[in-house]
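Data from query.txt: compact mmCIF, C-alpha atoms
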```
# COMPACT_ATOMS: atom_id res chain seq x y z
CA MET A 90 146.74 104.76 103.94
CA THR A 91 149.28 106.32 106.29
CA ARG A 92 149.02 109.87 107.58
CA ARG A 93 151.95 110.81 105.31
CA ASP A 94 150.18 109.43 102.23
CA PHE A 95 147.00 111.22 103.25
CA ILE A 96 148.81 114.56 103.55
CA HIS A 97 150.66 113.95 100.28
CA LYS A 98 147.40 113.20 98.47
CA TRP A 99 145.58 116.33 99.68
CA LEU A 100 148.61 118.55 99.09
CA VAL A 101 148.54 117.49 95.45
CA TYR A 102 144.80 118.28 95.30
CA ALA A 103 145.52 121.69 96.90
CA LEU A 104 148.19 122.27 94.28
CA GLY A 105 145.61 121.46 91.60
CA LEU A 106 143.21 123.94 93.19
CA LEU A 107 145.80 126.74 93.13
CA PRO A 108 145.78 127.53 89.35
CA VAL A 109 142.00 127.26 89.24
CA TRP A 110 141.70 129.72 92.14
CA LEU A 111 144.18 132.19 90.58
CA LEU A 112 142.30 131.98 87.30
CA ASP A 113 138.95 132.45 89.04
CA ALA A 114 139.98 135.26 91.38
CA TYR A 115 142.48 137.36 89.48
CA ILE A 116 142.56 136.58 85.77
CA LEU A 117 139.08 135.77 84.42
CA PRO A 118 137.32 138.73 86.12
CA ARG A 119 139.50 141.01 83.97
CA TYR A 120 138.02 139.53 80.79
CA PRO A 121 134.28 139.00 81.32
CA LEU A 122 132.23 137.26 78.65
CA TRP A 123 128.57 138.37 78.22
CA GLY A 124 129.33 140.76 81.08
CA VAL A 125 130.05 138.01 83.61
CA ALA A 126 133.02 136.12 85.00
CA PRO A 127 132.71 132.35 85.59
CA MET A 128 132.66 130.68 89.03
CA LEU A 129 135.24 127.91 88.95
CA LEU A 130 135.46 126.98 92.63
CA PRO A 131 132.14 125.05 92.79
CA LEU A 132 133.34 123.03 89.78
CA THR A 133 136.42 121.88 91.68
CA VAL A 134 134.21 120.66 94.54
CA ALA A 135 131.99 118.80 92.06
CA ALA A 136 135.00 117.15 90.38
CA VAL A 137 136.62 116.04 93.66
CA ALA A 138 133.31 114.85 95.16
CA VAL A 139 132.52 112.76 92.06
CA LEU A 140 136.02 111.24 92.00
CA GLU A 141 136.64 110.76 95.71
CA GLY A 142 133.19 110.21 97.17
CA ALA A 143 131.02 111.92 99.77
CA TYR A 144 133.40 112.06 102.75
CA SER A 145 136.28 113.61 100.82
CA GLY A 146 133.81 115.78 98.93
CA THR A 147 132.55 117.23 102.22
CA GLY A 148 136.07 118.02 103.44
CA PHE A 149 137.20 119.48 100.12
CA GLY A 150 133.97 121.49 99.87
CA MET A 151 134.59 122.92 103.34
CA ALA A 152 138.18 123.90 102.41
CA VAL A 153 137.12 125.51 99.13
CA GLY A 154 134.27 127.30 100.91
CA LEU A 155 136.75 128.69 103.44
CA LEU A 156 139.01 129.88 100.64
CA TRP A 157 136.05 131.53 98.89
CA GLU A 158 134.84 133.28 102.02
CA LEU A 159 138.23 134.48 103.21
CA ALA A 160 140.07 135.37 100.03
CA TYR A 161 137.21 137.10 98.21
CA PRO A 162 135.54 140.34 99.31
CA GLY A 163 132.12 140.46 100.93
CA GLY A 164 132.01 136.99 102.53
CA PHE A 165 129.32 136.21 105.09
CA GLY A 166 130.21 132.61 105.91
CA GLY A 167 127.38 130.72 104.22
CA LEU A 168 129.51 129.32 101.40
CA VAL A 169 131.58 127.14 103.78
CA PHE A 170 128.50 125.18 104.79
CA TYR A 171 126.95 125.27 101.32
CA LEU A 172 130.00 123.82 99.57
CA ALA A 173 130.58 121.21 102.30
CA LEU A 174 126.95 120.11 101.99
CA SER A 175 127.21 120.15 98.19
CA GLY A 176 130.38 118.04 98.36
CA MET A 177 128.59 115.47 100.50
CA ALA A 178 125.48 115.45 98.29
CA MET A 179 127.41 115.25 95.01
CA GLY A 180 129.72 112.55 96.34
CA SER A 181 126.72 110.47 97.43
CA VAL A 182 124.84 111.00 94.15
CA ALA A 183 127.93 110.07 92.13
CA GLN A 184 128.51 106.99 94.31
CA TYR A 185 124.94 105.67 94.30
CA ALA A 186 123.10 107.12 91.32
CA LEU A 187 125.56 108.40 88.74
CA SER A 188 129.09 107.31 87.88
CA GLN A 189 132.64 108.59 88.38
CA SER A 190 132.64 110.02 84.88
CA PHE A 191 132.59 113.34 83.08
CA PRO A 192 128.80 113.29 82.49
CA GLY A 193 128.36 112.64 86.23
CA CYS A 194 130.61 115.60 87.02
CA LEU A 195 128.76 117.81 84.52
CA ILE A 196 125.40 117.00 86.12
CA CYS A 197 126.78 117.62 89.62
CA SER A 198 128.40 120.89 88.51
CA ALA A 199 125.14 122.04 86.96
CA GLY A 200 123.38 121.15 90.21
CA VAL A 201 125.76 123.03 92.52
CA LEU A 202 125.96 126.10 90.25
CA GLY A 203 122.22 126.14 89.58
CA LEU A 204 121.30 125.90 93.26
CA LEU A 205 123.83 128.60 94.20
CA ASP A 206 122.44 130.97 91.58
CA CYS A 207 118.87 130.16 92.63
CA LEU A 208 119.70 130.98 96.26
CA ARG A 209 121.24 134.29 95.19
CA VAL A 210 118.21 135.17 93.06
CA VAL A 211 115.85 134.36 95.95
CA ARG A 212 117.96 136.48 98.32
CA MET A 213 118.02 139.44 95.92
CA LEU A 214 114.26 139.16 95.35
CA PHE A 215 113.69 138.92 99.10
CA ILE A 216 115.63 142.12 99.82
CA ASN A 217 113.96 143.74 96.80
CA ALA A 218 117.33 144.58 95.22
CA ALA A 219 116.24 143.91 91.64
CA GLY A 220 113.53 142.41 89.44
CA LEU A 221 113.59 138.78 88.30
CA ALA A 222 114.30 139.72 84.67
CA ASP A 223 117.36 141.75 85.68
CA LEU A 224 118.61 138.95 87.93
CA LEU A 225 118.19 136.34 85.20
CA GLN A 226 120.26 138.47 82.85
CA VAL A 227 123.22 137.81 85.17
CA THR A 228 122.32 134.35 86.42
CA ILE A 229 121.86 132.58 83.10
CA PRO A 230 125.11 133.74 81.42
CA GLU A 231 127.00 133.17 84.69
CA PHE A 232 125.65 129.60 84.93
CA LEU A 233 126.39 128.75 81.28
CA TRP A 234 129.83 130.40 81.21
CA SER A 235 130.81 128.65 84.44
CA LEU A 236 129.55 125.28 83.23
CA ALA A 237 131.63 125.66 80.05
CA TRP A 238 134.76 125.36 82.22
CA THR A 239 133.76 121.93 83.59
CA PRO A 240 135.80 119.90 81.05
CA LEU A 241 139.02 121.73 81.93
CA VAL A 242 138.49 121.39 85.69
CA TRP A 243 137.48 117.74 85.28
CA LEU A 244 140.58 116.93 83.22
CA LEU A 245 142.85 118.56 85.80
CA PHE A 246 141.35 116.78 88.80
CA ARG A 247 140.96 113.51 86.90
CA ALA A 248 144.72 113.63 86.19
CA ILE A 249 145.41 114.23 89.88
CA TYR A 250 143.04 111.41 90.85
CA ASN A 251 144.81 109.02 88.47
CA ARG A 252 148.08 109.81 90.22
CA VAL A 253 147.21 110.08 93.89
CA GLY A 254 143.42 109.65 94.17
CA GLY A 255 141.43 107.02 96.07
CA THR A 256 143.81 104.62 97.81
CA ARG A 257 146.51 104.67 95.14
CA LEU A 258 149.13 105.85 97.60
CA ALA A 259 148.24 103.20 100.17
CA MET B 277 120.65 107.01 107.64
CA LYS B 278 122.68 107.57 110.78
CA ASP B 279 125.45 105.28 109.51
CA PHE B 280 125.29 106.84 106.08
CA LEU B 281 125.81 110.32 107.53
CA ARG B 282 128.57 109.10 109.87
CA GLN B 283 130.43 107.50 106.97
CA ASN B 284 129.93 110.46 104.71
CA GLY B 285 131.27 113.27 106.81
CA ILE B 286 128.52 114.52 109.10
CA LEU B 287 131.21 115.64 111.53
CA LEU B 288 132.88 117.69 108.80
CA LEU B 289 129.49 119.16 107.96
CA VAL B 290 128.98 120.24 111.58
CA ILE B 291 132.45 121.85 111.57
CA ALA B 292 131.59 123.63 108.30
CA PHE B 293 128.36 124.89 109.84
CA LEU B 294 130.19 126.25 112.90
CA LEU B 295 132.83 127.89 110.68
CA SER B 296 130.06 129.52 108.64
CA ILE B 297 128.56 131.00 111.79
CA LEU B 298 131.98 132.15 113.03
CA ILE B 299 132.85 133.91 109.75
CA GLY B 300 129.39 135.47 109.54
CA ALA B 301 129.58 136.73 113.14
CA LEU B 302 133.10 138.09 112.69
CA SER B 303 132.26 139.98 109.49
CA PHE B 304 129.15 141.41 111.19
CA VAL B 305 131.05 142.53 114.30
CA MET B 306 134.10 143.98 112.50
CA GLY B 307 132.17 146.36 110.23
CA GLY B 308 134.61 148.24 107.95
CA GLN B 309 137.66 146.43 109.32
CA ALA B 310 138.43 143.07 107.75
CA ASP B 311 137.84 140.13 110.09
CA PRO B 312 141.06 138.51 111.38
CA LEU B 313 140.76 135.39 109.19
CA SER B 314 140.18 137.35 105.96
CA ASN B 315 142.92 139.73 106.97
CA ILE B 316 145.47 136.92 107.30
CA VAL B 317 144.49 135.25 104.02
CA ASN B 318 144.44 138.52 102.05
CA THR B 319 147.66 139.78 103.60
CA VAL B 320 149.46 136.54 102.72
CA THR B 321 148.06 136.49 99.18
CA ALA B 322 148.72 140.21 98.53
CA PRO B 323 152.10 139.64 96.78
CA VAL B 324 150.53 137.00 94.52
CA ARG B 325 147.66 139.36 93.72
CA GLY B 326 150.07 142.21 93.03
CA GLY B 327 152.29 140.02 90.85
CA ILE B 328 149.40 138.73 88.76
CA ALA B 329 147.98 142.25 88.34
CA ALA B 330 151.39 143.59 87.24
CA ALA B 331 151.88 140.71 84.77
CA ALA B 332 148.36 141.08 83.36
CA ASP B 333 148.74 144.87 83.00
CA TRP B 334 152.08 144.38 81.21
CA ALA B 335 150.58 141.73 78.89
CA GLU B 336 147.62 144.00 78.10
CA GLY B 337 150.06 146.81 77.32
CA VAL B 338 152.05 144.59 74.96
CA TYR B 339 148.82 143.38 73.32
CA ALA B 340 147.63 146.94 72.82
CA TYR B 341 151.02 147.93 71.36
CA VAL B 342 151.12 145.00 68.92
CA PHE B 343 147.49 144.68 67.85
CA ARG B 344 146.08 148.17 68.40
CA TYR B 345 148.97 150.30 67.22
CA GLY B 346 146.91 152.18 64.59
CA GLU B 347 144.16 152.85 67.09
CA MET B 348 146.70 154.14 69.62
CA GLU B 349 148.30 156.40 67.00
CA GLN B 350 144.89 157.91 66.22
CA GLU B 351 144.22 158.32 69.94
CA LEU B 352 147.55 160.13 70.30
CA THR B 353 146.65 162.56 67.50
CA ASP B 354 143.25 163.21 69.11
CA LEU B 355 144.87 163.72 72.51
CA ARG B 356 147.38 166.19 71.08
CA ALA B 357 144.49 168.22 69.67
CA GLN B 358 142.74 167.98 73.02
CA VAL B 359 145.89 169.18 74.84
CA ARG B 360 146.06 172.25 72.56
CA GLU B 361 142.42 173.03 73.35
CA LEU B 362 142.96 172.51 77.06
CA GLU B 363 146.09 174.69 77.06
CA GLU B 364 144.00 177.51 75.63
CA LYS B 365 141.37 176.91 78.32
CA VAL B 366 144.04 176.92 81.04
CA ARG B 367 145.28 180.30 79.83
CA GLN B 368 141.72 181.65 79.98
CA GLY B 369 141.24 179.99 83.38
CA GLU B 370 144.40 181.55 84.80
CA GLU B 371 143.20 184.95 83.66
CA ALA B 372 139.80 184.37 85.25
CA SER B 373 141.51 183.15 88.43
CA ARG B 374 143.55 186.32 88.72
CA GLU B 375 140.43 188.40 88.14
CA ASN B 376 138.56 186.33 90.72
CA GLU B 377 141.36 186.86 93.25
CA GLN B 378 141.29 190.62 92.71
CA LEU B 379 137.50 190.73 93.09
CA ARG B 380 137.67 188.63 96.26
CA GLU B 381 140.23 190.99 97.73
CA LEU B 382 138.05 193.93 96.71
CA LEU B 383 134.98 192.40 98.40
CA GLU B 384 137.03 191.01 101.31
CA LEU B 385 135.73 187.48 100.74
CA LYS B 386 137.28 184.43 102.42
CA GLU B 387 139.63 182.46 100.15
CA ARG B 388 138.35 179.17 98.76
CA ARG B 389 140.49 176.24 99.77
CA ARG B 390 140.59 172.66 98.62
CA SER B 391 143.27 170.29 99.85
CA PHE B 392 143.40 166.52 99.83
CA LYS B 393 145.75 164.18 101.66
CA LEU B 394 146.24 161.43 99.08
CA GLU B 395 147.69 157.93 99.07
CA THR B 396 148.42 156.18 95.79
CA ALA B 397 147.40 152.54 95.41
CA LYS B 398 147.47 149.91 92.69
CA VAL B 399 144.33 148.05 91.66
CA THR B 400 145.31 144.43 92.25
CA ALA B 401 142.00 142.71 91.62
CA ARG B 402 138.70 143.65 90.02
CA SER B 403 135.19 142.57 90.87
CA ASN B 404 135.26 138.79 90.87
CA TYR B 405 131.68 138.50 91.72
CA ASN B 406 129.03 139.24 89.12
CA TRP B 407 126.65 140.53 91.76
CA GLU B 408 128.87 143.30 93.09
CA SER B 409 131.33 145.83 91.68
CA ILE B 410 134.41 145.80 93.90
CA LEU B 411 138.08 146.63 93.41
CA THR B 412 140.94 145.41 95.60
CA LEU B 413 143.75 147.89 96.29
CA SER B 414 147.36 147.34 97.31
CA LYS B 415 147.23 149.59 100.42
CA GLY B 416 145.60 149.15 103.81
CA THR B 417 145.63 150.23 107.46
CA LYS B 418 149.44 150.42 107.60
CA ASP B 419 149.24 153.25 105.04
CA GLY B 420 146.52 155.05 106.96
CA ILE B 421 143.57 153.99 104.83
CA GLU B 422 140.20 153.76 106.57
CA ALA B 423 136.76 152.49 105.62
CA GLY B 424 134.72 155.31 104.11
CA ASP B 425 137.67 157.05 102.38
CA CYS B 426 136.95 158.27 98.84
CA VAL B 427 138.94 156.85 95.94
CA ILE B 428 139.65 158.93 92.83
CA THR B 429 141.62 158.66 89.59
CA GLU B 430 144.67 160.80 88.70
CA THR B 431 142.27 163.33 87.14
CA GLY B 432 140.13 163.52 90.30
CA VAL B 433 137.19 161.47 88.99
CA LEU B 434 135.37 159.53 91.71
CA VAL B 435 135.97 155.76 91.61
CA GLY B 436 134.23 154.66 94.80
CA VAL B 437 134.48 154.40 98.56
CA VAL B 438 136.73 152.15 100.66
CA ASP B 439 134.56 149.38 102.04
CA GLN B 440 136.83 147.01 103.94
CA VAL B 441 140.42 147.47 105.11
CA GLY B 442 143.10 144.94 105.95
CA ILE B 443 146.78 145.41 106.81
CA ASN B 444 148.15 145.80 103.27
CA TRP B 445 144.97 145.65 101.22
CA SER B 446 141.56 147.22 101.02
CA THR B 447 138.42 146.78 98.96
CA VAL B 448 136.59 149.60 97.23
CA SER B 449 132.89 149.58 96.56
CA THR B 450 132.72 151.33 93.17
CA ILE B 451 130.22 154.09 92.39
CA ILE B 452 128.09 151.68 90.33
CA ASN B 453 127.82 149.12 93.16
CA THR B 454 124.34 148.58 94.58
CA ASP B 455 125.27 149.92 98.04
CA THR B 456 126.42 153.32 96.75
CA GLU B 457 124.65 156.33 98.28
CA ILE B 458 126.40 159.68 97.78
CA GLY B 459 125.05 163.20 97.44
CA GLY B 460 125.31 164.44 93.86
CA ILE B 461 124.73 167.76 92.10
CA VAL B 462 124.27 168.70 88.45
CA THR B 463 126.66 171.56 87.69
CA ARG B 464 124.53 173.34 85.04
CA THR B 465 121.28 173.52 87.02
CA PHE B 466 122.57 173.01 90.62
CA SER B 467 119.90 170.28 91.00
CA ALA B 468 120.87 168.08 93.93
CA GLY B 469 119.99 164.41 94.31
CA VAL B 470 121.33 161.14 95.66
CA LEU B 471 123.71 159.06 93.56
CA GLU B 472 122.68 155.43 93.95
CA GLY B 473 123.77 152.15 92.45
CA GLU B 474 121.13 149.82 91.04
CA PHE B 475 121.54 146.18 90.07
CA SER B 476 120.17 146.50 86.51
CA LEU B 477 122.28 149.62 85.84
CA MET B 478 125.40 148.15 87.49
CA ASN B 479 125.61 145.51 84.78
CA GLN B 480 125.58 148.27 82.17
CA GLY B 481 128.29 150.15 84.10
CA LYS B 482 125.94 153.01 85.09
CA LEU B 483 124.26 154.46 88.19
CA LYS B 484 121.39 156.81 88.90
CA LEU B 485 120.85 160.24 90.41
CA ASN B 486 117.70 159.83 92.46
CA TYR B 487 115.24 162.16 94.20
CA LEU B 488 115.64 165.00 91.71
CA PRO B 489 113.78 168.21 92.50
CA GLU B 490 110.47 168.61 90.66
CA GLY B 491 111.49 171.46 88.40
CA ALA B 492 114.93 170.12 87.49
CA GLN B 493 115.53 170.52 83.75
CA LEU B 494 118.38 168.15 83.00
CA VAL B 495 119.64 167.35 79.55
CA SER B 496 121.81 164.58 78.26
CA GLY B 497 125.49 165.39 78.81
CA ASP B 498 125.06 167.48 81.98
CA GLU B 499 127.99 166.99 84.34
CA VAL B 500 127.37 165.50 87.78
CA LEU B 501 129.67 166.14 90.77
CA THR B 502 129.58 165.07 94.40
CA SER B 503 127.66 167.60 96.47
CA GLY B 504 129.59 167.03 99.70
CA ARG B 505 126.43 167.13 101.78
CA GLY B 506 126.89 165.57 105.18
CA ASP B 507 130.66 166.24 105.05
CA MET B 508 131.33 162.53 104.62
CA PHE B 509 132.74 162.93 101.10
CA PRO B 510 134.50 165.92 99.49
CA SER B 511 132.38 168.12 97.25
CA GLY B 512 133.13 168.78 93.61
CA LEU B 513 134.49 165.38 92.60
CA PRO B 514 133.40 164.58 89.03
CA VAL B 515 131.19 161.49 88.86
CA GLY B 516 129.84 161.35 85.32
CA HIS B 517 127.35 162.73 82.82
CA VAL B 518 123.57 162.55 82.55
CA GLU B 519 122.49 160.05 79.95
CA GLY B 520 118.74 160.39 80.30
CA VAL B 521 116.00 161.42 82.73
CA PHE B 522 113.22 159.00 83.67
CA THR B 523 110.22 158.80 85.99
CA ASP B 524 110.21 155.88 88.42
CA PRO B 525 107.46 153.21 88.05
CA SER B 526 105.37 154.78 90.85
CA GLY B 527 105.29 158.05 88.88
CA GLN B 528 106.20 159.99 92.02
CA THR B 529 109.86 160.87 91.51
CA ARG B 530 112.23 161.40 88.64
CA TYR B 531 115.75 160.11 88.33
CA ALA B 532 118.63 160.52 85.92
CA VAL B 533 120.78 157.70 84.59
CA ILE B 534 124.45 158.63 84.91
CA GLN B 535 127.29 157.38 82.75
CA PRO B 536 130.37 157.43 85.03
CA SER B 537 133.45 159.28 83.80
CA VAL B 538 135.75 156.58 85.17
CA ALA B 539 136.58 153.47 83.13
CA LEU B 540 136.39 150.89 85.92
CA ASP B 541 137.61 148.02 83.73
CA SER B 542 140.95 149.60 82.91
CA LEU B 543 141.98 151.21 86.19
CA ILE B 544 145.56 150.46 87.18
CA GLU B 545 146.41 153.14 89.74
CA VAL B 546 144.09 155.19 91.98
CA PHE B 547 144.36 157.73 94.80
CA VAL B 548 142.74 157.33 98.19
CA ILE B 549 141.66 160.59 99.88
CA LYS B 550 142.77 159.98 103.47
CA ASP B 551 141.78 163.46 104.63
CA PHE B 552 140.34 166.56 103.03
CA ASP B 553 139.82 170.21 103.82
CA ILE B 554 137.44 172.23 101.69
CA ALA B 555 136.40 175.80 102.36
CA GLU B 556 133.74 177.11 99.97
```
Is it possible to give me this structure as C-alpha cells?
Amino acid sequence: MTRRDFIHKWLVYALGLLPVWLLDAYILPRYPLWGVAPMLLPLTVAAVAVLEGAYSGTGFGMAVGLLWELAYPGGFGGLVFYLALSGMAMGSVAQYALSQSFPGCLICSAGVLGLLDCLRVVRMLFINAAGLADLLQVTIPEFLWSLAWTPLVWLLFRAIYNRVGGTRLA
Amino acid sequence: MKDFLRQNGILLLVIAFLLSILIGALSFVMGGQADPLSNIVNTVTAPVRGGIAAAADWAEGVYAYVFRYGEMEQELTDLRAQVRELEEKVRQGEEASRENEQLRELLELKERRRSFKLETAKVTARSNYNWESILTLSKGTKDGIEAGDCVITETGVLVGVVDQVGINWSTVSTIINTDTEIGGIVTRTFSAGVLEGEFSLMNQGKLKLNYLPEGAQLVSGDEVLTSGRGDMFPSGLPVGHVEGVFTDPSGQTRYAVIQPSVALDSLIEVFVIKDFDIAE
C-alpha cells in the first residue's frame, strides 16, 4: 500500500468518526435516556480494532483518545493511553480468539466500556466521592445505553472497511 | 512476545503513553486556563458546536410548537396571570423603595449598591459526561471571561462558575456539579451554610446546603441565595429552594437538599458576571 492509499484509507475512517463524534459530543447529551448519555467513542475503537487488527487498532485508539481528551471538558490525559491499549488488546483478541464479526465487536465493546466504567467507579470510591450504590446507578445504565449503539457503529465502520479497509486500496 | 508487541504497535503505545503524560501535565500546570492543545481543538470546533446548538435549539422550538401547542397555550395563560400578580408586587415594591430611600436619608445611611458587569453567552454544549455537570459557552478570554466568574440566567438565578477558559469558549461547572462549594444563606431564617454538589444528588439535578447551624429551623420551600462570604462570588444570587432537611450519617451535622431554580437542561443563553460591585 502506497503512502497515498494509506492516507486515503485513514481519511475515510476519520470521516466515519466525524458523525459519531458530533452525535456523542453535541447531540445525544441533550436527550439523556435513564439520566445518562451514551459513550460512542470507545465503540468506534472496538469496531476499527476488530476489523483492522491490533496495529491499526492501537493507532486509531490513540487518535480517538486524543480527540476525547482535547475536545471534551475535564481531560487529564489517561484516555489516550487507555484507548490505544484497548485498541491493541481488542485487535489481538479479535485476530486470535474471536472473529471479525459483529458478535466479536459486541464482546470487545462490552470489554472496553466495562473496564472504563470499572476504572471510574474505583477512582470515585478511592477519592470517597460517592457510595457504590450511587455509582452503579450511573454506571449500569451508561454501559447498557452505550452498548445499544454498537450495531449502528459497527455497520458504519463495516461499510467503510468494505470500501477501503485492510489492503483493498493496495 | 517481543515480536508480537513490535508487530502490534508497541511504538504507538509508547507514544500514546507519552501523550497522556503531556496532556495530564499541561492540564495540571494551566489551572483555570485551557491547555494549548485543548484550546486549539475547542477554538477550531467552536463554529461547529455553535451551529449544532443553534440547529438543535431551533428543532426543539419547532417540536414544541407542533406537538406541545396546547401545553404552551396553557403556560401562556398561567404566565399572564403571573405577570399581573408580579405587576402588583412591583407597584408595592416601588412604594416600599421610595419609603426606604426616605428613611435612609433620614437616618443618613449609606446607599446600597449592586452592579454587575455582564457578558452574554450562548450554551453550545451540555454535560457530555455522566459523571460531571458541565456546560460549554460561546465566549472566552477574548471577551474578558476568567475562571471563577459566576454565570447567571436572565433572571439572575445562579447557573454555576466558569471552570476553564479558552480563546472563544469556556466551560462552566454547574451548581449541581460535585466540585461546587459556595456560601449560601436561607432568606427566611438567615441560616448560613455551604452549598455543595454531591454525586448522588447531581444525578437528580439537586445539591445540598451543608454545615447548617444547630438551631436552624428550615422548612420546605425556603429560598436559598448566595451569601457572598469570602467576596469570591456576589451575594444575593438566587440558587434554589429547600426541599428537605436531613442529618448526615454520622449524626453530627444537618444539611438541606436544595432544588435549584435554574433548569439546566433547557438553558440557551446565560450571562457571565465579569465584575461586580456590591455595597450592603
Compile a residue-level contact table for chain B against chain A at a cut-off of 6 Å, reporting for every qualifying residue the shortest atom pair and its distance in Å to one decimal, with only C-alpha atoms counted, rows ordered by chain and ascending number, as JSON lines.
```
{"residue": "B:Asn284", "atom": "CA", "partner": "A:Tyr144", "partner_atom": "CA", "distance": 4.3}
{"residue": "B:Gly285", "atom": "CA", "partner": "A:Tyr144", "partner_atom": "CA", "distance": 4.7}
{"residue": "B:Ala292", "atom": "CA", "partner": "A:Phe170", "partner_atom": "CA", "distance": 4.9}
{"residue": "B:Phe293", "atom": "CA", "partner": "A:Phe170", "partner_atom": "CA", "distance": 5.1}
{"residue": "B:Ser296", "atom": "CA", "partner": "A:Gly166", "partner_atom": "CA", "distance": 4.1}
{"residue": "B:Ile299", "atom": "CA", "partner": "A:Gly166", "partner_atom": "CA", "distance": 4.8}
{"residue": "B:Gly300", "atom": "CA", "partner": "A:Phe165", "partner_atom": "CA", "distance": 4.5}
{"residue": "B:Ser314", "atom": "CA", "partner": "A:Leu159", "partner_atom": "CA", "distance": 4.4}
{"residue": "B:Val317", "atom": "CA", "partner": "A:Ala160", "partner_atom": "CA", "distance": 6.0}
{"residue": "B:Asn318", "atom": "CA", "partner": "A:Ala160", "partner_atom": "CA", "distance": 5.8}
{"residue": "B:Ala401", "atom": "CA", "partner": "A:Tyr115", "partner_atom": "CA", "distance": 5.8}
{"residue": "B:Asn404", "atom": "CA", "partner": "A:Pro118", "partner_atom": "CA", "distance": 5.2}
{"residue": "B:Asn406", "atom": "CA", "partner": "A:Val125", "partner_atom": "CA", "distance": 5.7}
{"residue": "B:Phe475", "atom": "CA", "partner": "A:Ala219", "partner_atom": "CA", "distance": 6.0}
{"residue": "B:Ser476", "atom": "CA", "partner": "A:Asp223", "partner_atom": "CA", "distance": 5.6}
```
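Distances from B:Gln368, B:Thr447, B:Thr454, B:Gln350 to Ile421 in chain B were compared using only C-alpha atoms, and the smallest one belongs to B:Thr447.
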task: Do a neighbour search on Ala103 in chain A at 10 Å with all atoms listed in the file, toss out local chain neighbours closer than 4 positions, and write the hits as JSON, numbers by chain.
output: {"A": [97, 98, 99, 107, 108, 149, 152, 153]}
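Counting only C-alpha atoms and comparing B:Leu413, B:Val515, B:Leu494, B:Leu501, the residue that lies closest to Arg325 in chain B is B:Leu413.
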For Phe547 in chain B: contacts at 7 Å, all atoms listed in the file, fewer than 2 positions along chain excluded, given as an MDAnalysis selection string: chainID B and resid 394:397 427:430 549
Could you write out the selected residues, including C-alpha atoms, as a CSV table (one decimal), in the coordinates of the input?
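Everything below was put into part07.csv:
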```csv
chain,number,residue,atom,x,y,z
B,394,LEU,CA,146.2,161.4,99.1
B,395,GLU,CA,147.7,157.9,99.1
B,396,THR,CA,148.4,156.2,95.8
B,397,ALA,CA,147.4,152.5,95.4
B,427,VAL,CA,138.9,156.8,95.9
B,428,ILE,CA,139.6,158.9,92.8
B,429,THR,CA,141.6,158.7,89.6
B,430,GLU,CA,144.7,160.8,88.7
B,549,ILE,CA,141.7,160.6,99.9
```
- request: Work out how far apart CA of Ala183 in chain A and CA of Trp243 in chain A are and give it in Å to one decimal.
  value: 14.0 Å
query: At most 7 Å from (128.5, 108.6, 90.2), file frame, all atoms listed in the file: which residues, as a ChimeraX atom specification?
result: /A:139,182-190,193
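Here CA of Leu129 in chain A and CA of Leu205 in chain A stand 12.6 Å from one another.
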Interatomic distance (Å, one decimal) between CA of Lys393 in chain B and CA of Val320 in chain B: 27.9 Å
- request: Find the residues around Phe232 in chain A up to 8 Å (all atoms listed in the file counted), leave out those fewer than 2 positions away in its own chain, and share them as a PyMOL selection string.
  value: chain A and resi 127+199+202-203+206+228-230+234-236
If you take every atom of range 152-161 of chain A that the file lists and fit an axis-aligned box around them with 8 Å extra on each side, what centre and edge lengths come out in Å to one decimal, as JSON?
```
{"center_x": 137.2, "center_y": 130.5, "center_z": 100.8, "size_x": 21.8, "size_y": 29.2, "size_z": 21.2}
```
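Of the listed residues (A:Leu214, A:Cys197, A:Ala138, A:Val242), A:Val242 comes nearest to Trp110 in chain A; the distances count only C-alpha atoms.
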Atoms added to range 112-122 of chain A (N, CA and C atoms), reported as an mmCIF file, keeping the file's coordinate frame:
```
data_model
loop_
_atom_site.group_PDB
_atom_site.id
_atom_site.type_symbol
_atom_site.label_atom_id
_atom_site.label_comp_id
_atom_site.auth_asym_id
_atom_site.auth_seq_id
_atom_site.Cartn_x
_atom_site.Cartn_y
_atom_site.Cartn_z
ATOM 1 N N LEU A 112 143.061 131.681 88.515
ATOM 2 C CA LEU A 112 142.300 131.980 87.300
ATOM 3 C C LEU A 112 140.951 132.618 87.657
ATOM 4 N N ASP A 113 140.296 132.024 88.631
ATOM 5 C CA ASP A 113 138.950 132.450 89.040
ATOM 6 C C ASP A 113 138.967 133.821 89.723
ATOM 7 N N ALA A 114 139.969 134.037 90.570
ATOM 8 C CA ALA A 114 139.980 135.260 91.380
ATOM 9 C C ALA A 114 140.624 136.446 90.688
ATOM 10 N N TYR A 115 141.698 136.217 89.950
ATOM 11 C CA TYR A 115 142.480 137.360 89.480
ATOM 12 C C TYR A 115 142.587 137.513 87.968
ATOM 13 N N ILE A 116 142.350 136.449 87.215
ATOM 14 C CA ILE A 116 142.560 136.580 85.770
ATOM 15 C C ILE A 116 141.230 136.697 85.002
ATOM 16 N N LEU A 117 140.330 135.737 85.194
ATOM 17 C CA LEU A 117 139.080 135.770 84.420
ATOM 18 C C LEU A 117 138.201 136.993 84.695
ATOM 19 N N PRO A 118 138.159 137.528 85.924
ATOM 20 C CA PRO A 118 137.320 138.730 86.120
ATOM 21 C C PRO A 118 137.773 139.932 85.294
ATOM 22 N N ARG A 119 139.015 139.905 84.811
ATOM 23 C CA ARG A 119 139.500 141.010 83.970
ATOM 24 C C ARG A 119 138.920 140.933 82.562
ATOM 25 N N TYR A 120 138.509 139.723 82.155
ATOM 26 C CA TYR A 120 138.020 139.530 80.790
ATOM 27 C C TYR A 120 136.639 138.873 80.803
ATOM 28 N N PRO A 121 135.617 139.611 81.242
ATOM 29 C CA PRO A 121 134.280 139.000 81.320
ATOM 30 C C PRO A 121 133.698 138.687 79.948
ATOM 31 N N LEU A 122 132.922 137.622 79.888
ATOM 32 C CA LEU A 122 132.230 137.260 78.650
ATOM 33 C C LEU A 122 130.738 137.432 78.940
#
```
